[in-house]
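A.B. asks: Here it is, the structure in full.
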Amino acid sequence: MFRTPQLVLFTTHIEATVAFYTAVGFREVSRPAESPPTRVDLELDGYRLGFATATSAREDHWLEPVASGQRAVVVLWTDDVGAGFERLVELGAEPVHGPRPWTDGLLIAWATDPDGHLIQVVQRAN
């Protein structure tokens with residue numbers, strides 16, 4: 001019945017956010033012909049992440065999107081949290097806190113993307 005789940009995040013800075021995630025390693029898989037776009041879909045390792053403008057959500061879909069604050073988390077698994085965290089910061093992410101041990105043998109770090117979405121970088125510590 002259902003297939004291919006995807007997360008779509010609302011954004012107020014779609015081009016900057018898409019450029020950031022493309023630099024992280026996502027590839028663009030869908031973009032409407034309009035400029036600027038109202039929605040862009042990206043994919044990494046089989047998972048699709050979409051970004052849609054808050055304006056389009058209001059005007060085209062009659063929604064009341066939340067486009068600021070800690071409203072969602074993009075989780076990126078890696079084999080090296082420290083290097084992954086530093087790479088995100090180099091690409092323009094704002095650090096929240098660097099690598100720290102967490103429950104169940106995990107090591108995590110937190111940053112925010114150019115649009116304020118939280119990013120958690122995670123690895124198994126053992």
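Each chain in the structure tokens gets a letter, A, B and so on, in the order shown; residues start at 1 in every chain, and ligands are counted from 1 in the order they appear.
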Considering only C-alpha atoms, give me a table of residues in region 5-93 of chain A that are at most 6 Å from region 117-120 of chain A, with the closest atom pair and distance in Å for each, as a tab-separated table.
C.D. replies:
```
residue	atom	partner	partner_atom	distance
A:Val73	CA	A:Leu118	CA	4.7
A:Val74	CA	A:Ile119	CA	4.7
A:Val75	CA	A:Gln120	CA	4.8
```
A.B. asks: Taking C-alpha atoms for each residue, export the selection above as a PDB file, in the first residue's frame.
C.D. replies:
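Output contents, as saved in out_22.pdb:
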```pdb
ATOM      1  CA  VAL A  73      16.376  16.702  13.025  1.00  0.00           C
ATOM      2  CA  VAL A  74      18.315  15.403  10.028  1.00  0.00           C
ATOM      3  CA  VAL A  75      20.366  12.467  11.310  1.00  0.00           C
TER       4      VAL A  75
END
```
A.B. asks: What gap, in Å, lies between CA of Met1 (chain A) and CA of Glu43 (chain A)?
C.D. replies: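 One can read the CA of Met1 (chain A) to CA of Glu43 (chain A) distance as 22.2 Å.
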A.B. asks: For Gly46 (chain A), which residue out of A:Gly105, A:Gly69, A:Pro5, A:Pro114 is the nearest one, using only C-alpha atoms?
C.D. replies: A:Pro5
A.B. asks: My list of candidates is A:Ala54, A:Val24, A:Leu42, A:Ala72. Which is closest to Gln6 (chain A) when distances are computed with only C-alpha atoms?
C.D. replies: A:Leu42
